[in-house]
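K.L.:
The following file, model.pdb, comprises PDB, C-alpha atoms, pLDDT in the B column:
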MODEL        1
ATOM      1  CA  LEU A  13       4.822 -12.809 -10.781  1.00 62.00           C
ATOM      2  CA  ARG A  14       8.359 -13.127  -9.445  1.00 67.00           C
ATOM      3  CA  ARG A  15       9.807 -12.864 -12.965  1.00 73.00           C
ATOM      4  CA  SER A  16       8.145  -9.475 -13.361  1.00 72.00           C
ATOM      5  CA  GLY A  17       9.618  -8.254 -10.062  1.00 72.00           C
ATOM      6  CA  HIS A  18       6.642  -8.833  -7.764  1.00 75.00           C
ATOM      7  CA  LEU A  19       7.407  -9.806  -4.187  1.00 77.00           C
ATOM      8  CA  PRO A  20       4.439 -11.672  -2.724  1.00 76.00           C
ATOM      9  CA  VAL A  21       3.833 -11.374   1.005  1.00 78.00           C
ATOM     10  CA  ASN A  22       2.714 -14.482   2.870  1.00 78.00           C
ATOM     11  CA  ARG A  23       0.107 -13.091   5.262  1.00 77.00           C
ATOM     12  CA  ASN A  24      -0.104 -16.436   7.090  1.00 86.00           C
ATOM     13  CA  SER A  25       3.550 -16.430   8.150  1.00 87.00           C
ATOM     14  CA  PRO A  26       5.007 -13.382   9.912  1.00 84.00           C
ATOM     15  CA  LYS A  27       8.551 -14.706   9.387  1.00 89.00           C
ATOM     16  CA  ALA A  28       7.999 -15.168   5.650  1.00 86.00           C
ATOM     17  CA  ALA A  29       6.389 -11.726   5.433  1.00 84.00           C
ATOM     18  CA  MET A  30       9.423 -10.161   7.106  1.00 85.00           C
ATOM     19  CA  ARG A  31      11.744 -11.947   4.659  1.00 87.00           C
ATOM     20  CA  SER A  32       9.733 -10.409   1.797  1.00 85.00           C
ATOM     21  CA  LEU A  33      10.063  -6.951   3.383  1.00 86.00           C
ATOM     22  CA  GLU A  34      13.828  -7.442   3.813  1.00 87.00           C
ATOM     23  CA  ALA A  35      14.151  -8.363   0.123  1.00 87.00           C
ATOM     24  CA  ALA A  36      12.006  -5.378  -0.851  1.00 88.00           C
ATOM     25  CA  ALA A  37      14.108  -3.005   1.283  1.00 90.00           C
ATOM     26  CA  VAL A  38      17.235  -4.115  -0.570  1.00 90.00           C
ATOM     27  CA  ARG A  39      15.558  -3.416  -3.920  1.00 89.00           C
ATOM     28  CA  VAL A  40      14.287  -0.011  -2.765  1.00 92.00           C
ATOM     29  CA  ARG A  41      17.760   0.997  -1.541  1.00 91.00           C
ATOM     30  CA  GLU A  42      19.006   0.062  -5.035  1.00 91.00           C
ATOM     31  CA  GLY A  43      16.480   2.476  -6.572  1.00 90.00           C
ATOM     32  CA  ALA A  44      13.399   0.346  -7.210  1.00 88.00           C
ATOM     33  CA  SER A  45       9.905   1.601  -6.427  1.00 89.00           C
ATOM     34  CA  MET A  46       7.391  -0.550  -4.574  1.00 87.00           C
ATOM     35  CA  VAL A  47       3.603  -0.404  -4.643  1.00 86.00           C
ATOM     36  CA  PHE A  48       1.552  -1.533  -1.650  1.00 85.00           C
ATOM     37  CA  PHE A  49      -2.168  -1.914  -1.249  1.00 82.00           C
ATOM     38  CA  PRO A  50      -2.191  -1.261   2.485  1.00 84.00           C
ATOM     39  CA  GLU A  51      -5.697  -2.522   3.225  1.00 82.00           C
ATOM     40  CA  GLY A  52      -4.562  -5.971   2.129  1.00 70.00           C
ATOM     41  CA  THR A  53      -7.719  -6.666   0.116  1.00 68.00           C
ATOM     42  CA  ARG A  54     -10.261  -5.094  -2.229  1.00 66.00           C
ATOM     43  CA  SER A  55     -13.310  -3.339  -0.799  1.00 65.00           C
ATOM     44  CA  ARG A  56     -16.604  -5.208  -1.058  1.00 65.00           C
ATOM     45  CA  THR A  57     -18.629  -2.078  -0.310  1.00 63.00           C
ATOM     46  CA  GLY A  58     -17.585   0.235  -3.107  1.00 56.00           C
ATOM     47  CA  GLY A  59     -14.588   1.997  -1.631  1.00 51.00           C
ATOM     48  CA  ARG A  60     -16.321   5.170  -0.476  1.00 53.00           C
ATOM     49  CA  THR A  61     -14.056   7.273   1.751  1.00 52.00           C
ATOM     50  CA  GLY A  62     -15.823   6.137   4.912  1.00 55.00           C
ATOM     51  CA  ASP A  63     -15.173   2.530   3.893  1.00 73.00           C
ATOM     52  CA  LEU A  64     -11.403   2.853   3.790  1.00 81.00           C
ATOM     53  CA  GLY A  65     -10.197  -0.124   5.796  1.00 84.00           C
ATOM     54  CA  GLU A  66      -7.474  -0.382   8.373  1.00 88.00           C
ATOM     55  CA  PHE A  67      -4.004  -0.179   6.860  1.00 92.00           C
ATOM     56  CA  LYS A  68      -1.413  -2.889   7.424  1.00 89.00           C
ATOM     57  CA  LEU A  69       2.061  -1.801   8.548  1.00 91.00           C
ATOM     58  CA  GLY A  70       4.081  -3.328   5.678  1.00 89.00           C
ATOM     59  CA  ALA A  71       4.558  -0.208   3.547  1.00 92.00           C
ATOM     60  CA  ALA A  72       5.607   1.882   6.551  1.00 95.00           C
ATOM     61  CA  LEU A  73       7.992  -0.803   7.803  1.00 93.00           C
ATOM     62  CA  LEU A  74       9.565  -1.061   4.358  1.00 93.00           C
ATOM     63  CA  ALA A  75       9.955   2.707   3.957  1.00 96.00           C
ATOM     64  CA  ILE A  76      11.529   3.013   7.415  1.00 96.00           C
ATOM     65  CA  LYS A  77      13.820   0.016   6.872  1.00 93.00           C
ATOM     66  CA  ALA A  78      14.941   1.320   3.457  1.00 94.00           C
ATOM     67  CA  GLY A  79      15.276   4.909   4.725  1.00 95.00           C
ATOM     68  CA  VAL A  80      13.057   6.383   2.023  1.00 96.00           C
ATOM     69  CA  PRO A  81       9.933   8.562   2.131  1.00 97.00           C
ATOM     70  CA  LEU A  82       6.501   6.957   1.902  1.00 97.00           C
ATOM     71  CA  LEU A  83       4.317   8.409  -0.863  1.00 97.00           C
ATOM     72  CA  PRO A  84       0.550   8.256  -0.214  1.00 96.00           C
ATOM     73  CA  VAL A  85      -1.431   7.518  -3.386  1.00 95.00           C
ATOM     74  CA  ALA A  86      -5.238   7.545  -3.599  1.00 93.00           C
ATOM     75  CA  ILE A  87      -6.878   5.488  -6.348  1.00 90.00           C
ATOM     76  CA  SER A  88     -10.609   5.742  -6.994  1.00 88.00           C
ATOM     77  CA  GLY A  89     -12.961   4.364  -9.621  1.00 88.00           C
ATOM     78  CA  THR A  90     -11.391   0.933  -9.904  1.00 86.00           C
ATOM     79  CA  ARG A  91     -14.402  -0.960  -8.565  1.00 83.00           C
ATOM     80  CA  ALA A  92     -16.442  -0.060 -11.659  1.00 86.00           C
ATOM     81  CA  VAL A  93     -13.564  -1.061 -13.918  1.00 91.00           C
ATOM     82  CA  LEU A  94     -12.584  -4.319 -12.209  1.00 87.00           C
ATOM     83  CA  THR A  95     -14.922  -5.704  -9.578  1.00 83.00           C
ATOM     84  CA  PRO A  96     -13.580  -7.969  -6.823  1.00 78.00           C
ATOM     85  CA  ASP A  97     -13.442 -11.660  -7.797  1.00 81.00           C
ATOM     86  CA  SER A  98     -13.558 -10.805 -11.505  1.00 84.00           C
ATOM     87  CA  LEU A  99     -10.997 -10.818 -14.285  1.00 86.00           C
ATOM     88  CA  HIS A 100     -13.297  -8.924 -16.657  1.00 92.00           C
ATOM     89  CA  VAL A 101     -12.058  -5.354 -17.126  1.00 92.00           C
ATOM     90  CA  ARG A 102     -14.759  -2.844 -18.077  1.00 94.00           C
ATOM     91  CA  PRO A 103     -14.339   0.628 -19.550  1.00 96.00           C
ATOM     92  CA  GLY A 104     -14.412   3.424 -17.021  1.00 94.00           C
ATOM     93  CA  GLN A 105     -12.568   6.288 -15.409  1.00 95.00           C
ATOM     94  CA  VAL A 106      -9.945   5.741 -12.713  1.00 93.00           C
ATOM     95  CA  THR A 107      -8.455   8.643 -10.776  1.00 94.00           C
ATOM     96  CA  VAL A 108      -4.984   8.519  -9.244  1.00 95.00           C
ATOM     97  CA  GLN A 109      -3.885  11.260  -6.834  1.00 97.00           C
ATOM     98  CA  PHE A 110      -0.394  11.627  -5.374  1.00 97.00           C
ATOM     99  CA  GLY A 111       0.098  13.108  -1.917  1.00 97.00           C
ATOM    100  CA  LYS A 112       3.158  14.713  -0.405  1.00 98.00           C
ATOM    101  CA  PRO A 113       5.971  12.299   0.496  1.00 98.00           C
ATOM    102  CA  LEU A 114       6.079  11.414   4.195  1.00 98.00           C
ATOM    103  CA  SER A 115       9.612  11.520   5.599  1.00 98.00           C
ATOM    104  CA  THR A 116      10.933   8.521   7.509  1.00 98.00           C
ATOM    105  CA  GLU A 117      14.054  10.319   8.690  1.00 97.00           C
ATOM    106  CA  GLY A 118      14.888   9.342  12.265  1.00 97.00           C
ATOM    107  CA  MET A 119      12.102   6.747  12.434  1.00 98.00           C
ATOM    108  CA  THR A 120      12.439   3.194  13.703  1.00 96.00           C
ATOM    109  CA  HIS A 121      10.113   0.203  13.360  1.00 94.00           C
ATOM    110  CA  ARG A 122       8.320   1.494  16.462  1.00 97.00           C
ATOM    111  CA  ASP A 123       7.110   4.478  14.388  1.00 98.00           C
ATOM    112  CA  ALA A 124       5.455   2.302  11.726  1.00 97.00           C
ATOM    113  CA  GLY A 125       1.975   2.711  13.234  1.00 97.00           C
ATOM    114  CA  ARG A 126       2.275   6.504  13.312  1.00 98.00           C
ATOM    115  CA  LEU A 127       3.578   6.611   9.727  1.00 98.00           C
ATOM    116  CA  THR A 128       0.758   4.302   8.613  1.00 97.00           C
ATOM    117  CA  ASP A 129      -1.799   6.607  10.251  1.00 97.00           C
ATOM    118  CA  LEU A 130      -0.273   9.639   8.504  1.00 98.00           C
ATOM    119  CA  ALA A 131      -0.494   7.866   5.134  1.00 97.00           C
ATOM    120  CA  ARG A 132      -4.091   6.721   5.719  1.00 95.00           C
ATOM    121  CA  ASN A 133      -5.177  10.230   6.735  1.00 95.00           C
ATOM    122  CA  ALA A 134      -3.484  11.741   3.663  1.00 97.00           C
ATOM    123  CA  ILE A 135      -5.273   9.251   1.400  1.00 94.00           C
ATOM    124  CA  LEU A 136      -8.607   9.919   3.103  1.00 93.00           C
ATOM    125  CA  GLU A 137      -8.183  13.651   2.463  1.00 94.00           C
ATOM    126  CA  MET A 138      -7.401  13.045  -1.215  1.00 95.00           C
ATOM    127  CA  LEU A 139     -10.463  10.794  -1.612  1.00 91.00           C
ATOM    128  CA  LYS A 140     -12.710  13.466  -0.107  1.00 90.00           C
ATOM    129  CA  LYS A 141     -11.779  15.929  -2.874  1.00 81.00           C
TER     130      LYS A 141
ENDMDL
END
How does this structure look as C-alpha cells?
P.N.:
Amino acid sequence: LRRSGHLPVNRNSPKAAMRSLEAAAVRVREGASMVFFPEGTRSRTGGRTGDLGEFKLGAALLAIKAGVPLLPVAISGTRAVLTPDSLHVRPGQVTVQFGKPLSTEGMTHRDAGRLTDLARNAILEMLKK
C-alpha cells in the first residue's frame, strides 16, 4: 500500500496516527489529494442515511493543518457491490456526489470538531437526495 501512496493510520496509537497526518499534510501542501473514510469502518447495517456513523477528526485535522478546503463526498451503493468482509466484487451501481468545499481559512486544530460536523451534515444532505 505504501508504494502506491497510501498512508495507513494506526488507530491504536495516537502518536503514530499524528505522524501519519503530519506526513499527509506535507503531501497535500505539495499538491496531492487525500481520501478519508471518516467513519473509520464499513457499515454493517446497509449504510442508510440514518445509519451514518460518527466521523473521526482525521480529515478535518489534516485539512486544517495543510491549509486546504475539505471536500465532502457522499458514496452510496457500495454495500451491494462489495459487502464488508468480502473481496468478491459484484456488478451494481455506485453513486458518488461531491459537495461544496468547506473552507479551513483561519481554523486551528480546535475547530476540527466543528469542521467534521459540517462535513457530516453535508454528506447526510447529499445522501437524502
K.L.:
Do you know which residues the PyMOL selection byres ((chain A and resi 85) around 10) returns on this file, as a PyMOL selection string?
P.N.:
chain A and resi 47-49+82-84+86-87+108-113+131-132+134-136+138-139
K.L.:
Give me the residues within 9 Å of region 29-45 of chain A as a PyMOL selection string, counting all atoms listed in the file and dropping any in the same chain fewer than 6 places off.
P.N.:
chain A and resi 19-23+70-71+73-80
K.L.:
Pull out every residue that the PyMOL selection byres ((chain A and resi 128) around 9) matches in the shown coordinates and put them as a list of chain:residue names.
P.N.:
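Applied to this file, the PyMOL selection byres ((chain A and resi 128) around 9) selects A:Pro50, A:Phe67, A:Lys68, A:Leu69, A:Gly70, A:Ala71, A:Ala72, A:Leu73, A:Asp123, A:Ala124, A:Gly125, A:Arg126, A:Leu127, A:Asp129, A:Leu130, A:Ala131, A:Arg132, A:Asn133.
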K.L.:
What's the separation between CA of Gly17 (chain A) and CA of Met46 (chain A), in Å to one decimal place?
P.N.:
9.7 Å
K.L.:
Work out how far apart CA of Thr116 (chain A) and CA of Asp63 (chain A) are and give it in Å to one decimal.
P.N.:
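Atom-to-atom, CA of Thr116 (chain A) to CA of Asp63 (chain A), that is 27.0 Å.
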K.L.:
Grab the CA of Glu51 (chain A) to CA of Asp97 (chain A) distance for me, in Å with one decimal place.
P.N.:
16.3 Å
K.L.:
Evaluating the PyMOL selection byres ((chain A and resi 88) around 6) on the displayed file yields which residues, as a PDB file with C-alpha atoms, in the frame of the given file?
P.N.:
ATOM      1  CA  ILE A  87      -6.878   5.488  -6.348  1.00 90.00           C
ATOM      2  CA  GLY A  89     -12.961   4.364  -9.621  1.00 88.00           C
ATOM      3  CA  THR A  90     -11.391   0.933  -9.904  1.00 86.00           C
ATOM      4  CA  VAL A 106      -9.945   5.741 -12.713  1.00 93.00           C
ATOM      5  CA  THR A 107      -8.455   8.643 -10.776  1.00 94.00           C
TER       6      THR A 107
END
